[in-house]
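Presented below is the structure to which this report refers.
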There are 2 protein chains.
Amino acid sequence: MLIPVILSGGAGTRLWPVSRSAYPKPFMQMGDGQSLLYKTLDRALKITGAGGSVLTVTGRDYYFLTRDEYATHPQAQVDKLPFLLEPVGRNTAPAIVLAAMYAREQLGADATLLVLPADHLIRDLDAFAADAQRANALAQDGWLVTFGIRPTHPETGFGYIRMGAAITAHEGREIGAFVEKPDLEKAETYVASGEYVWNSGMFCFRADVLLETAQQTCPDVYAAAQLCYAQHIGSASPVEFARDAFLAQPDISIDYAIMERAAKRAVVPAQFDWSDIGSWKAMSDIAPESETDDAGNRIRGSAIVIESENCYIQGEKRLVAAVGVKNLVIIDTGDAVLVADRERAQQVKLVVEQLRASGHDAAKHHQTVHRPWGSYTVLEDAPDCKVKRLVVKPGQVLSLQLHHRRSEHWTVVSGVAKVRVGEEEFLLERNESTYIPMNTIHRLENPTDTDIALIEVQCGDYFGEDDIVRLEDRYGRVAG
Amino acid sequence: MLIPVILSGGAGTRLWPVSRSAYPKPFMQMGDGQSLLYKTLDRALKITGAGGSVLTVTGRDYYFLTRDEYATHPQAQVDKLPFLLEPVGRNTAPAIVLAAMYAREQLGADATLLVLPADHLIRDLDAFAADAQRANALAQDGWLVTFGIRPTHPETGFGYIRMGAAITAHEGREIGAFVEKPDLEKAETYVASGEYVWNSGMFCFRADVLLETAQQTCPDVYAAAQLCYAQHIGSASPVEFARDAFLAQPDISIDYAIMERAAKRAVVPAQFDWSDIGSWKAMSDIAPESETDDAGNRIRGSAIVIESENCYIQGEKRLVAAVGVKNLVIIDTGDAVLVADRERAQQVKLVVEQLRASGHDAAKHHQTVHRPWGSYTVLEDAPDCKVKRLVVKPGQVLSLQLHHRRSEHWTVVSGVAKVRVGEEEFLLERNESTYIPMNTIHRLENPTDTDIALIEVQCGDYFGEDDIVRLEDRYGRVAG
């Protein structure tokens, strides 16, 4: 029984301003409109078949977003999919050990896990499925298996695996050694030798084998995970963990904690294409030939390019013009624009560090902020008013709330909303508006099966998100 | 009697996306918040003294904008300032000959004109005033005077003037020759010789002398201007011209039509600093030392700069991040961003040409569009609605109008508006809203002495500016 485990987290700060902590890299859309997370689920369902069981380990804050993303996949039965929710982001060893504990308990001791990070891109799903079966066969024989990627260039940003002896009876190699990120010279030697592969971060092993190994290689991780798992909240999905117990687990990767110290470990050299889209340069590199002009420019969105070469331009609504420039990535979003040298795109993370240090919201939120009930987009944030576009998904309802420092004017521009203002409740149709005075309880609901959109004009002297007094909330957000 | 004549027009396409045809270069704000036009008026008033008479020649479309800009100058008596309005943009010879005809008729034959383009930057006003007096003295002796700028570098984008013999009794030189824009090698020779100055496009002459010279050097221009002037509309300011008669004038510069062919012409080598801000590179060059970081980056607005050198970044509300880049100009506006190599900033005009060829609105309008009554900013333009912020100036009133394809919801967010909807008229205060159904006549007015701002949410199936049926309009915009 091969169970895909999707590990979805990680800030992806090198892909700012599109990837931000409130809506990170797995949710980033590729050129075809699918997110990396969607593509990972698609890959998992390729292994299980339609409607199959896929375990997801993700942050509590991403639970609703992840479900919404999964729900767009025609083969996913979202309500049946198990989730483990991390109260905060932690490293891979705790996440995978907890997933193995869950699998052992809920799915049986022989459950075999196929660990898939949610932010990789693989195009050849048939080759992927074939390699997964090779890994599965090894796992059944008690091997801890990792997937190795044949290097296409002497990358210095990845760890490498030196392949050891061939494993008879299986299509795989023993792992000779894990090698830290090399310098360029070493990387060139590795690539030339043909004996090294990139460490992809994808794994396959039986849950029981992993847990037995963990008890030996990292008893502290195992013990802490056991304590944490024993205190998990709810047995049905989503499974949540107590914050303190979760944080008591060591912050350590599965490579360090288990793989590097294990005896019986193997690597399957991947037949499939792979990118971890680690930077805008990588994003630029995967742009298809068909989208590349004669000068090597790749454009997504609306752009005018004059005498420029080898640029990657990705925009949303606005127009981007490039004049006489070379080897740049230009990424335009609603509230921020990035201009970076292609070859130094890794340093984009330094921008995010500066933003965080200065408390700038653009490190965390986009102009459009996703909420369990839908999303809002700030259209205007001025001293005299704040204007938002709210989108409420079918069947969803916002908290019963009030504001002390602002009134709100709502105009429905699509769909039919159910509105409560004070003690009154009524339907508000397209082209109808209503007024919510300060200090008046109100609620917005979508009782229909299509999205509703409304424009909210806030009047007052303070428009912060912290001026929301929640009296009831379906999503557990009443302040406690 | 020295009359400054401000010539305000010109698209300034090299300064896109800040300069656009609906709000061109003279309105562009410098780092101190003053526009080039304001600074030109300031310069003119330095010559006339507070409340002095300054003649402005500008496009009809810029009349209200120009008056608004002038009105912010504490020494301007806007209601007394004469304006000549061009129905369309034309070259400098017609504009200046018409200005001279106006001056001769209204101000007397000995009126002396000091012609100042509205898009130049001069910081040292005392030196400017002193040079203007030198030019005035020459003009009184019948010279046609131009101002020559000492070259600071071998610029190939300007015409040059070879200075001739010193004029005894005056501080000026005869003009040896006008020289076309040179190549770099020639420009270097010119600069090294010390005998060449840049042709600034600023002039000084008696109206009668200019007109007599024009009759000899360009009788066609003179005759056409005479016909055009004879048909001018209204003798009080603003003076407008009939379109056909105006267009019948040759499209020729004053340099070609008059200065190059005149006998008695002089140049005053300027003692003042000068920039025509001909490109973003020039804009970058005038940024003060105090705004320049150690790596030569100059930033206006909100930006994060990582390992980047010698970049000029100008933003509005959004955040700009630059990573590992050199010698770029990055200009961010509400709906467009420009990334250009500093040294190729001239080519920005090619962007505007492409935009015009494709009918893209970003060649003409900003996200904020100025109107005689104030301005509007498009906050959202979606299939289901359009949202605008309207600002109405004190005492102003929008046209009495109706829309066939949209309803409007107005919420006042600052000030007090007077609103007519159908036959009703009422005041709408801050935090109050009203609804204007489709096909209902309505009007918005600011009866107070402070700006009002309101948020307009349009619902319908079409939101174009052409769905405005104007029934009455104070600004002459009722379709005829």
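Identifiers in this document derive from the order of the structure tokens: chains are assigned A, B, ..., residues are numbered from 1 separately in each chain, and ligands are numbered from 1 in order of occurrence.
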Which of segment 131-335 of chain A DSSP labels alpha helix (DSSP H), written as a PyMOL selection string: chain A and resi 131-140+184-193+207-217+219-230+243-247+254+280-285
Could you pull out the strand (DSSP E) residues of segment 128-356 of chain A from DSSP and send them as JSON, numbers by chain? {"A": [144, 145, 146, 147, 148, 149, 160, 161, 162, 163, 164, 165, 166, 173, 174, 175, 176, 177, 178, 179, 196, 197, 198, 199, 200, 201, 202, 203, 204, 205, 206, 239, 240, 265, 266, 267, 268, 269, 298, 299, 300, 301, 302, 303, 304, 305, 306, 312, 313, 314, 315, 316, 317, 318, 319, 320, 321, 322, 323, 328, 329, 330, 331, 332, 336, 337, 338, 339, 340, 341]}
Enumerate as a PyMOL selection string the residues belonging to chain A that approach chain B to within 9 Å, with only C-alpha atoms taken into account. chain A and resi 304-306+317-326+328+330+332+334-345+347-348+350-351+354-355+362+379-380+384-385+387+389+407-409+411-414+430-433+435+453+455+457-460
Please produce an output containing C-alpha atoms for each residue in the selection, written as a short mmCIF file (atom, residue, chain, number, x, y, z; two decimals), in the first residue's frame.
data_model
loop_
_atom_site.label_atom_id
_atom_site.label_comp_id
_atom_site.auth_asym_id
_atom_site.auth_seq_id
_atom_site.Cartn_x
_atom_site.Cartn_y
_atom_site.Cartn_z
CA ILE A 304 6.63 45.69 -24.10
CA VAL A 305 10.23 44.75 -24.66
CA ILE A 306 12.59 47.06 -26.59
CA LYS A 317 -2.59 43.36 -14.35
CA ARG A 318 -0.05 46.08 -14.97
CA LEU A 319 2.06 46.82 -17.99
CA VAL A 320 5.79 46.15 -17.80
CA ALA A 321 8.17 47.89 -20.22
CA ALA A 322 11.80 46.83 -20.57
CA VAL A 323 14.22 48.99 -22.56
CA GLY A 324 17.79 48.05 -23.41
CA VAL A 325 18.23 45.54 -20.59
CA LYS A 326 19.72 42.04 -20.40
CA LEU A 328 16.93 40.43 -15.80
CA ILE A 330 11.14 41.43 -13.64
CA ASP A 332 5.30 42.53 -11.05
CA GLY A 334 -0.28 44.21 -7.17
CA ASP A 335 1.82 45.92 -4.52
CA ALA A 336 5.45 45.18 -5.32
CA VAL A 337 7.80 44.82 -8.24
CA LEU A 338 11.10 42.97 -8.32
CA VAL A 339 13.95 43.68 -10.73
CA ALA A 340 16.83 41.24 -10.33
CA ASP A 341 19.83 40.00 -12.21
CA ARG A 342 19.03 36.47 -13.41
CA GLU A 343 22.27 35.09 -12.07
CA ARG A 344 21.78 36.62 -8.66
CA ALA A 345 18.17 35.65 -8.24
CA GLN A 347 19.58 36.94 -3.32
CA VAL A 348 15.90 37.78 -3.54
CA LEU A 350 17.61 39.11 1.23
CA VAL A 351 14.76 41.39 0.18
CA GLN A 354 14.82 43.20 5.02
CA LEU A 355 11.05 43.39 4.71
CA ALA A 362 4.75 42.69 1.75
CA LEU A 379 -8.23 48.37 -3.74
CA GLU A 380 -7.49 51.54 -1.78
CA ASP A 384 -9.98 58.69 4.69
CA CYS A 385 -11.14 55.23 3.65
CA VAL A 387 -11.83 49.91 -0.13
CA ARG A 389 -13.21 43.67 -3.00
CA SER A 407 -18.53 51.89 9.33
CA GLU A 408 -18.88 49.82 6.19
CA HIS A 409 -20.80 50.29 2.96
CA THR A 411 -22.36 46.93 -2.68
CA VAL A 412 -22.88 43.47 -4.17
CA VAL A 413 -21.43 43.32 -7.69
CA SER A 414 -21.99 39.64 -8.41
CA ARG A 430 -26.28 42.41 -7.43
CA ASN A 431 -26.44 46.22 -7.65
CA GLU A 432 -27.86 46.51 -4.13
CA SER A 433 -26.05 48.03 -1.22
CA TYR A 435 -24.72 50.12 5.40
CA ALA A 453 -18.33 39.53 -4.93
CA ILE A 455 -17.17 46.12 -2.80
CA VAL A 457 -16.05 50.93 1.47
CA GLN A 458 -14.82 51.49 5.01
CA CYS A 459 -15.20 54.92 6.59
CA GLY A 460 -13.55 55.75 9.87
#
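Those residues that approach Val191 of chain A to within 10 Å, counting only C-alpha atoms, are Arg150, Pro151, Thr152, His153, Pro154, Glu155, Tyr160, Lys186, Ala187, Glu188, Gly194, Glu195, Tyr196, Val197 and Trp198 of chain A; same-chain residues fewer than 3 positions away are not listed.
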Residue contacts of segment 81-89 of chain A (6 Å, only C-alpha atoms) excluding same-chain residues fewer than 4 positions away, as a PDB file with N, CA and C atoms, in the first residue's frame:
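around-v6.pdb was written with the following content:
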ATOM      1  N   SER A  53      -6.047   7.743  -1.596  1.00  0.00           N
ATOM      2  CA  SER A  53      -5.723   8.393  -0.335  1.00  0.00           C
ATOM      3  C   SER A  53      -4.342   9.036  -0.405  1.00  0.00           C
ATOM      4  N   LEU A  55      -1.914  11.612   1.988  1.00  0.00           N
ATOM      5  CA  LEU A  55      -1.769  12.292   3.273  1.00  0.00           C
ATOM      6  C   LEU A  55      -1.023  13.607   3.066  1.00  0.00           C
ATOM      7  N   THR A  56      -1.548  14.664   3.672  1.00  0.00           N
ATOM      8  CA  THR A  56      -0.887  15.963   3.529  1.00  0.00           C
ATOM      9  C   THR A  56      -0.432  16.475   4.888  1.00  0.00           C
ATOM     10  N   VAL A  57       0.818  16.881   4.975  1.00  0.00           N
ATOM     11  CA  VAL A  57       1.319  17.536   6.188  1.00  0.00           C
ATOM     12  C   VAL A  57       1.560  18.995   5.839  1.00  0.00           C
ATOM     13  N   THR A  58       0.839  19.867   6.511  1.00  0.00           N
ATOM     14  CA  THR A  58       0.990  21.295   6.179  1.00  0.00           C
ATOM     15  C   THR A  58       0.726  22.141   7.409  1.00  0.00           C
ATOM     16  N   GLY A  59       0.951  23.437   7.268  1.00  0.00           N
ATOM     17  CA  GLY A  59       0.711  24.344   8.386  1.00  0.00           C
ATOM     18  C   GLY A  59      -0.782  24.563   8.601  1.00  0.00           C
ATOM     19  N   ARG A  60      -1.137  24.807   9.841  1.00  0.00           N
ATOM     20  CA  ARG A  60      -2.532  25.071  10.164  1.00  0.00           C
ATOM     21  C   ARG A  60      -3.077  26.215   9.318  1.00  0.00           C
ATOM     22  N   SER A 237      -9.525  13.564  10.332  1.00  0.00           N
ATOM     23  CA  SER A 237      -8.812  14.652   9.669  1.00  0.00           C
ATOM     24  C   SER A 237      -9.569  15.945   9.872  1.00  0.00           C
ATOM     25  N   PRO A 238      -8.948  17.090  10.040  1.00  0.00           N
ATOM     26  CA  PRO A 238      -7.505  17.223  10.154  1.00  0.00           C
ATOM     27  C   PRO A 238      -7.012  16.905  11.553  1.00  0.00           C
ATOM     28  N   VAL A 239      -5.859  16.278  11.612  1.00  0.00           N
ATOM     29  CA  VAL A 239      -5.213  15.999  12.892  1.00  0.00           C
ATOM     30  C   VAL A 239      -4.354  17.205  13.253  1.00  0.00           C
ATOM     31  N   GLU A 240      -4.593  17.738  14.435  1.00  0.00           N
ATOM     32  CA  GLU A 240      -3.782  18.882  14.866  1.00  0.00           C
ATOM     33  C   GLU A 240      -2.906  18.474  16.035  1.00  0.00           C
ATOM     34  N   ARG A 243       0.751  22.854  20.406  1.00  0.00           N
ATOM     35  CA  ARG A 243       1.880  23.687  20.019  1.00  0.00           C
ATOM     36  C   ARG A 243       3.156  23.382  20.807  1.00  0.00           C
TER      37      ARG A 243
END
Mind checking which residues fall within 8 Å of Ala242 of chain A, counting only C-alpha atoms, ignoring those fewer than 6 positions away in the same chain, and posting them as number ranges by chain? A: 87, 228, 231-233
Can you work out the spacing between atom CA of Phe241 of chain A and atom CA of Tyr475 of chain A in Å, to one decimal? 16.8 Å
Spatial neighbours of Asp451 of chain B, max dist 10 Å, only C-alpha atoms, sep filter under 5 positions, as a ChimeraX atom specification: /B:374,391-396,414-417,446
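The shortest atom-to-atom distance to Val18 of chain B, with only C-alpha atoms taken into account, belongs to B:Ala363 out of B:Ala363, B:Ala166, B:Ala95, B:Ile441.
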Test item: residues at most 12 Å from Glu212 of chain A, only C-alpha atoms, excluding those fewer than 2 positions along its chain, as a count of residues only: 26
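Interatomic distance, atom CA of Tyr376 of chain A against atom CA of Gly278 of chain A: 28.5 Å.
Of the residues under consideration (A:Asp119, A:Pro94, A:Ala132, A:Asn199), A:Pro94 shows the shortest atom-to-atom contact distance to Phe246 of chain A when counting only C-alpha atoms.
Pairwise distance (atom CA of Arg298 of chain B, atom CA of Asn310 of chain B) equals 7.4 Å.
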